[in-house]
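Structure below is start-v3.cif: mmCIF, C-alpha atoms.
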data_start
loop_
_atom_site.label_atom_id
_atom_site.label_comp_id
_atom_site.auth_asym_id
_atom_site.auth_seq_id
_atom_site.Cartn_x
_atom_site.Cartn_y
_atom_site.Cartn_z
CA MET A 1 -13.97 4.52 -17.30
CA TYR A 2 -12.16 7.45 -18.90
CA ASP A 3 -14.03 10.74 -18.69
CA MET A 4 -14.87 12.78 -21.77
CA SER A 5 -12.08 15.33 -21.25
CA THR A 6 -9.47 12.54 -21.20
CA ARG A 7 -10.90 11.04 -24.41
CA LYS A 8 -10.91 14.42 -26.16
CA ARG A 9 -7.34 15.15 -25.10
CA ALA A 10 -6.14 11.82 -26.54
CA LEU A 11 -7.93 12.45 -29.81
CA THR A 12 -6.52 15.98 -29.97
CA LEU A 13 -3.00 14.55 -29.77
CA VAL A 14 -3.82 12.09 -32.57
CA SER A 15 -5.25 14.92 -34.68
CA GLN A 16 -1.91 16.72 -34.34
CA GLY A 17 -0.26 13.91 -36.30
CA ARG A 18 0.99 11.94 -33.32
CA SER A 19 1.16 8.14 -33.64
CA LEU A 20 -1.14 5.97 -31.54
CA ASN A 21 1.93 4.48 -29.88
CA SER A 22 3.29 7.86 -28.74
CA VAL A 23 -0.12 9.03 -27.51
CA SER A 24 -0.56 5.77 -25.61
CA LYS A 25 2.84 6.15 -23.92
CA GLU A 26 2.15 9.77 -22.92
CA THR A 27 -1.37 9.22 -21.59
CA GLY A 28 -1.22 5.63 -20.34
CA ILE A 29 -4.28 4.80 -22.46
CA SER A 30 -4.21 1.67 -24.60
CA ARG A 31 -4.03 2.03 -28.38
CA ALA A 32 -7.14 -0.13 -28.70
CA ALA A 33 -9.15 2.32 -26.59
CA ILE A 34 -7.92 5.30 -28.64
CA ARG A 35 -8.86 3.48 -31.87
CA GLU A 36 -12.38 2.93 -30.49
CA TRP A 37 -12.71 6.62 -29.62
CA MET A 38 -11.65 7.59 -33.15
CA VAL A 39 -14.79 5.77 -34.34
CA ARG A 40 -17.08 6.70 -31.46
CA ILE A 41 -16.07 8.90 -28.54
CA GLU A 42 -19.24 8.30 -26.52
CA PRO A 43 -19.18 5.08 -24.45
CA LEU A 44 -21.58 2.41 -25.59
CA PRO A 45 -24.40 1.44 -23.18
CA ARG A 46 -22.80 -1.99 -22.66
CA MET A 47 -19.70 -0.19 -21.37
CA ARG A 48 -21.60 1.30 -18.45
CA PRO A 49 -21.56 -1.49 -15.84
CA GLN A 50 -23.42 -1.17 -12.59
CA MET A 51 -21.15 0.62 -10.15
CA GLU A 52 -20.57 -1.12 -6.85
CA PRO A 53 -21.62 0.94 -3.82
CA CYS A 54 -18.68 2.81 -2.32
CA CYS A 55 -18.44 4.07 1.25
CA ARG A 56 -16.29 7.02 0.17
CA CYS A 57 -17.86 8.38 -3.03
CA GLY A 58 -21.42 7.63 -1.95
CA PRO A 59 -23.76 10.24 -0.48
CA THR A 60 -22.51 9.79 3.12
CA SER A 61 -18.69 9.36 2.75
CA ASP A 62 -18.44 6.89 5.61
CA TRP A 63 -15.50 4.87 6.89
CA PRO A 64 -14.98 1.45 5.26
CA PRO A 65 -17.25 -1.18 6.86
CA ASP A 66 -14.33 -2.84 8.71
CA PRO A 67 -11.98 0.03 9.67
CA ALA A 68 -9.57 -2.28 11.52
CA ALA A 69 -9.06 -4.38 8.39
CA TYR A 70 -8.72 -1.19 6.35
CA SER A 71 -6.03 0.17 8.69
CA TYR A 72 -4.06 -3.07 8.28
CA LEU A 73 -4.51 -3.00 4.49
CA LEU A 74 -3.42 0.66 4.37
CA GLY A 75 -0.13 -0.36 5.98
CA LEU A 76 0.29 -3.21 3.49
CA TYR A 77 -0.50 -0.91 0.55
CA LEU A 78 1.98 1.77 1.62
CA GLY A 79 4.67 -0.89 1.89
CA ASP A 80 4.19 -3.42 -0.90
CA GLY A 81 1.05 -2.36 -2.73
CA CYS A 82 0.17 -0.66 -5.99
CA ILE A 83 -2.95 0.34 -7.89
CA SER A 84 -3.10 0.16 -11.68
CA PRO A 85 -5.86 0.78 -14.23
CA GLY A 86 -7.79 -2.27 -15.37
CA ALA A 87 -9.97 -2.88 -18.37
CA ARG A 88 -12.17 0.09 -19.21
CA THR A 89 -13.70 1.03 -15.86
CA GLY A 90 -11.84 -0.39 -12.89
CA TYR A 91 -8.54 -0.69 -11.08
CA PHE A 92 -6.43 -3.52 -9.74
CA LEU A 93 -5.06 -3.34 -6.21
CA ARG A 94 -2.04 -5.65 -5.86
CA ILE A 95 -0.22 -6.50 -2.64
CA ALA A 96 2.98 -8.53 -3.04
CA CYS A 97 3.47 -11.15 -0.29
CA ALA A 98 6.45 -13.50 -0.03
CA ASP A 99 5.68 -17.22 -0.33
CA VAL A 100 7.45 -17.92 2.98
CA TRP A 101 4.66 -16.18 4.95
CA PRO A 102 1.43 -18.12 4.19
CA GLY A 103 -0.33 -16.70 7.26
CA LEU A 104 0.42 -13.18 6.10
CA ILE A 105 -0.99 -14.01 2.66
CA ASP A 106 -4.20 -15.29 4.27
CA ALA A 107 -4.50 -12.12 6.39
CA CYS A 108 -3.92 -9.95 3.32
CA VAL A 109 -6.61 -11.79 1.34
CA GLU A 110 -9.14 -11.25 4.12
CA ALA A 111 -8.25 -7.55 4.41
CA VAL A 112 -8.65 -7.02 0.64
CA LYS A 113 -12.02 -8.79 0.73
CA GLU A 114 -13.20 -6.59 3.60
CA ALA A 115 -12.12 -3.37 1.87
CA ASN A 116 -13.19 -4.28 -1.66
CA PRO A 117 -16.80 -3.17 -2.31
CA SER A 118 -17.25 -6.41 -4.30
CA GLY A 119 -15.98 -8.48 -1.37
CA LYS A 120 -13.55 -10.35 -3.66
CA ALA A 121 -9.82 -11.05 -3.71
CA ALA A 122 -7.64 -13.43 -5.70
CA ARG A 123 -4.16 -14.94 -5.35
CA VAL A 124 -1.83 -14.73 -8.33
CA GLN A 125 1.30 -16.86 -8.01
CA ALA A 126 4.58 -15.41 -9.22
CA THR A 127 8.22 -16.41 -8.70
CA GLY A 128 8.85 -16.27 -4.96
CA HIS A 129 5.73 -14.36 -4.05
CA VAL A 130 1.95 -14.20 -4.30
CA SER A 131 0.16 -11.08 -5.49
CA VAL A 132 -3.11 -10.65 -3.63
CA VAL A 133 -5.33 -8.87 -6.15
CA GLY A 134 -8.66 -7.11 -5.88
CA TYR A 135 -10.55 -5.43 -8.74
CA SER A 136 -12.82 -2.44 -8.18
CA GLN A 137 -13.80 0.92 -9.62
CA HIS A 138 -13.24 2.46 -6.20
CA TRP A 139 -9.64 1.76 -5.17
CA PRO A 140 -8.61 5.40 -5.84
CA CYS A 141 -11.46 6.48 -3.54
CA LEU A 142 -10.23 4.16 -0.78
CA PHE A 143 -6.52 4.83 -1.35
CA PRO A 144 -6.19 8.44 -2.53
CA GLN A 145 -2.39 8.07 -2.23
CA HIS A 146 -2.59 6.36 -5.63
CA GLY A 147 -0.82 8.31 -8.33
CA PRO A 148 1.78 8.11 -11.11
CA GLY A 149 5.32 7.13 -10.25
CA LYS A 150 6.91 5.38 -7.28
CA LYS A 151 5.60 6.16 -3.83
CA HIS A 152 9.00 7.26 -2.52
CA GLU A 153 9.28 9.80 -5.35
CA ARG A 154 6.04 11.65 -4.58
CA LYS A 155 4.28 13.15 -1.59
CA ILE A 156 2.40 10.68 0.60
CA ASP A 157 -0.04 12.06 3.17
CA LEU A 158 -3.12 10.58 4.77
CA GLN A 159 -6.46 12.28 4.32
CA ALA A 160 -8.28 13.30 7.49
CA TRP A 161 -10.62 10.30 7.45
CA GLN A 162 -7.69 7.91 6.98
CA GLN A 163 -5.80 9.49 9.88
CA GLU A 164 -8.90 9.07 12.05
CA ILE A 165 -8.94 5.36 11.23
CA VAL A 166 -5.21 5.00 11.95
CA ASP A 167 -5.70 6.84 15.26
CA ALA A 168 -8.53 4.46 16.14
CA TYR A 169 -6.68 1.31 14.99
CA PRO A 170 -2.96 2.15 15.27
CA TRP A 171 -1.68 -1.36 15.92
CA GLU A 172 -3.40 -2.69 12.81
CA PHE A 173 -1.69 0.03 10.77
CA VAL A 174 1.74 -0.73 12.25
CA ARG A 175 1.16 -4.45 11.69
CA GLY A 176 0.47 -3.79 8.01
CA LEU A 177 3.67 -1.75 7.70
CA ILE A 178 5.77 -4.41 9.44
CA HIS A 179 4.15 -7.22 7.44
CA SER A 180 5.01 -5.43 4.20
CA ASP A 181 8.33 -3.66 4.68
CA GLY A 182 9.37 -4.78 8.14
CA CYS A 183 10.78 -7.73 10.03
CA ARG A 184 11.54 -9.09 13.47
CA ILE A 185 15.05 -10.50 13.77
CA THR A 186 17.37 -11.82 16.46
CA ASN A 187 20.36 -9.54 16.82
CA TRP A 188 23.49 -10.26 18.83
CA THR A 189 26.41 -8.53 20.47
CA THR A 190 29.34 -9.42 22.74
CA ARG A 191 30.31 -8.12 26.15
CA ILE A 192 33.25 -8.70 28.44
CA VAL A 193 32.02 -10.14 31.75
CA ALA A 194 34.64 -10.94 34.41
CA GLY A 195 37.27 -10.94 31.70
CA VAL A 196 35.35 -13.35 29.50
CA LYS A 197 33.75 -12.38 26.19
CA LYS A 198 30.12 -13.49 26.15
CA ARG A 199 27.59 -13.39 23.33
CA TYR A 200 24.13 -11.97 23.95
CA GLU A 201 21.16 -12.27 21.63
CA TYR A 202 18.13 -9.99 21.62
CA PRO A 203 15.09 -9.45 19.36
CA ARG A 204 14.77 -6.34 17.23
CA TYR A 205 12.24 -4.92 14.79
CA PHE A 206 13.04 -3.07 11.58
CA PHE A 207 10.90 -1.08 9.18
CA THR A 208 12.59 -0.27 5.87
CA ASN A 209 11.18 2.14 3.30
CA LYS A 210 12.71 4.71 0.94
CA SER A 211 9.83 7.17 1.40
CA ASP A 212 10.46 9.81 4.06
CA ASP A 213 6.69 10.33 4.28
CA ILE A 214 5.87 6.67 4.84
CA ARG A 215 8.59 6.33 7.48
CA ARG A 216 7.15 9.44 9.16
CA LEU A 217 3.66 7.89 9.20
CA CYS A 218 5.21 4.85 10.85
CA THR A 219 7.18 6.75 13.50
CA ASP A 220 4.31 9.15 14.27
CA THR A 221 2.12 6.13 15.02
CA LEU A 222 4.85 4.46 17.08
CA ASP A 223 5.19 7.66 19.12
CA ARG A 224 1.48 7.63 19.92
CA LEU A 225 1.77 3.99 20.99
CA GLY A 226 4.73 4.65 23.28
CA VAL A 227 7.18 2.61 21.20
CA GLN A 228 10.74 3.94 21.22
CA TRP A 229 12.53 3.84 17.88
CA ALA A 230 15.72 5.05 16.22
CA ASN A 231 16.77 5.95 12.69
CA CYS A 232 19.38 3.78 11.01
CA THR A 233 21.09 5.21 7.95
CA ARG A 234 22.41 3.61 4.78
CA ASP A 235 25.29 5.58 3.26
CA GLY A 236 24.24 8.47 5.48
CA ILE A 237 20.63 8.40 4.23
CA PRO A 238 17.76 7.53 6.64
CA PHE A 239 16.36 4.24 5.46
CA ASN A 240 15.55 1.98 8.41
CA ILE A 241 13.49 2.42 11.55
CA SER A 242 14.91 0.29 14.37
CA ILE A 243 13.07 -0.81 17.51
CA ALA A 244 15.53 -2.41 19.94
CA ARG A 245 14.66 -1.22 23.47
CA LYS A 246 13.55 -4.18 25.55
CA ASP A 247 10.22 -2.70 26.71
CA SER A 248 9.36 -1.47 23.22
CA VAL A 249 10.17 -4.84 21.65
CA ALA A 250 7.95 -6.50 24.27
CA LEU A 251 5.14 -4.11 23.35
CA MET A 252 5.62 -4.89 19.66
CA ASP A 253 5.64 -8.62 20.41
CA THR A 254 2.31 -8.28 22.22
CA HIS A 255 0.58 -6.62 19.27
CA ILE A 256 2.63 -7.53 16.18
CA GLY A 257 5.01 -10.48 16.56
CA PRO A 258 7.06 -12.10 13.83
CA LYS A 259 5.68 -12.76 10.36
CA TYR A 260 4.16 -16.19 9.95
#
Take the structure in the file and write it out as structure tokens.
Amino acid sequence: MYDMSTRKRALTLVSQGRSLNSVSKETGISRAAIREWMVRIEPLPRMRPQMEPCCRCGPTSDWPPDPAAYSYLLGLYLGDGCISPGARTGYFLRIACADVWPGLIDACVEAVKEANPSGKAARVQATGHVSVVGYSQHWPCLFPQHGPGKKHERKIDLQAWQQEIVDAYPWEFVRGLIHSDGCRITNWTTRIVAGVKKRYEYPRYFFTNKSDDIRRLCTDTLDRLGVQWANCTRDGIPFNISIARKDSVALMDTHIGPKY
């Protein structure tokens, strides 16, 4: 639900002779909503739905009920998630999951259900992927990283309570990052042994994200877990996090493994 100051600002722009279309583009508010406010700025009683209880904006500001599931979902959100305004009062959380990973989609659905105060999640099929969607008034409370613009073009930091959850459930967080913007592949190289060129294959993990902040959150967590990593650049720009050392890959395999 838009607060009164937002409604008044939109109507002030209209009163200055601006078109509904231009005001809508500047504020992100639908033209239909602005038209309603031109008739009546106060919300009607029927527009005041019962708010779901929220662990963050309630009187106690607790952790989410399932912090392990939240840590996993936080990783998914930072990689392939977005939050957008819904109709009137709520927000949609969307996590894009490729069709080729049905197990990942199932895990994402369960994590959204656990985090969503309503306990609901839906699957929306698109070309080549499924959007796992949850609707709630409280997604900005649970994911304060939400904001205008692309994540890699703005500052991304965890709040203290989120960092505490990541510290308590670091593997779940890394799993969410890898499941969204990461992969486990089989790499190969050649060596000369006794004069003969031989091919060797070895597993390797990658995490790919344009945001320096999100990559930092990933590598800081890997450091705490004892996983060795290296930066890989694209055109001289850091872009990929590589995990190729045998012991670190084995550690990742124990707790993460390939997508499924």
Expand the PyMOL selection byres ((chain A and resi 7) around 10) into the individual residues it matches in the shown file, reporting them as a ChimeraX atom specification. /A:2-6,8-12,29,33-34,37-38,41-42
Which residues match the PyMOL selection byres ((chain A and resi 137-153) around 9) in the file above, as a PyMOL selection string? chain A and resi 1+51-57+64+74+77-78+82-84+86+89-93+115-117+134-136+154-159+162+209-214
Could you tell me which residues the PyMOL selection byres ((chain A and resi 197-205) around 10) grabs in this file, written as a count of residues only? 33
If you measure from CA of Gln228 in chain A to CA of Phe173 in chain A, what distance in Å do you get, rounded to one decimal?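 These atoms are spaced 16.7 Å apart.
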What gap, in Å, lies between CA of Thr221 in chain A and CA of Pro67 in chain A? 16.3 Å
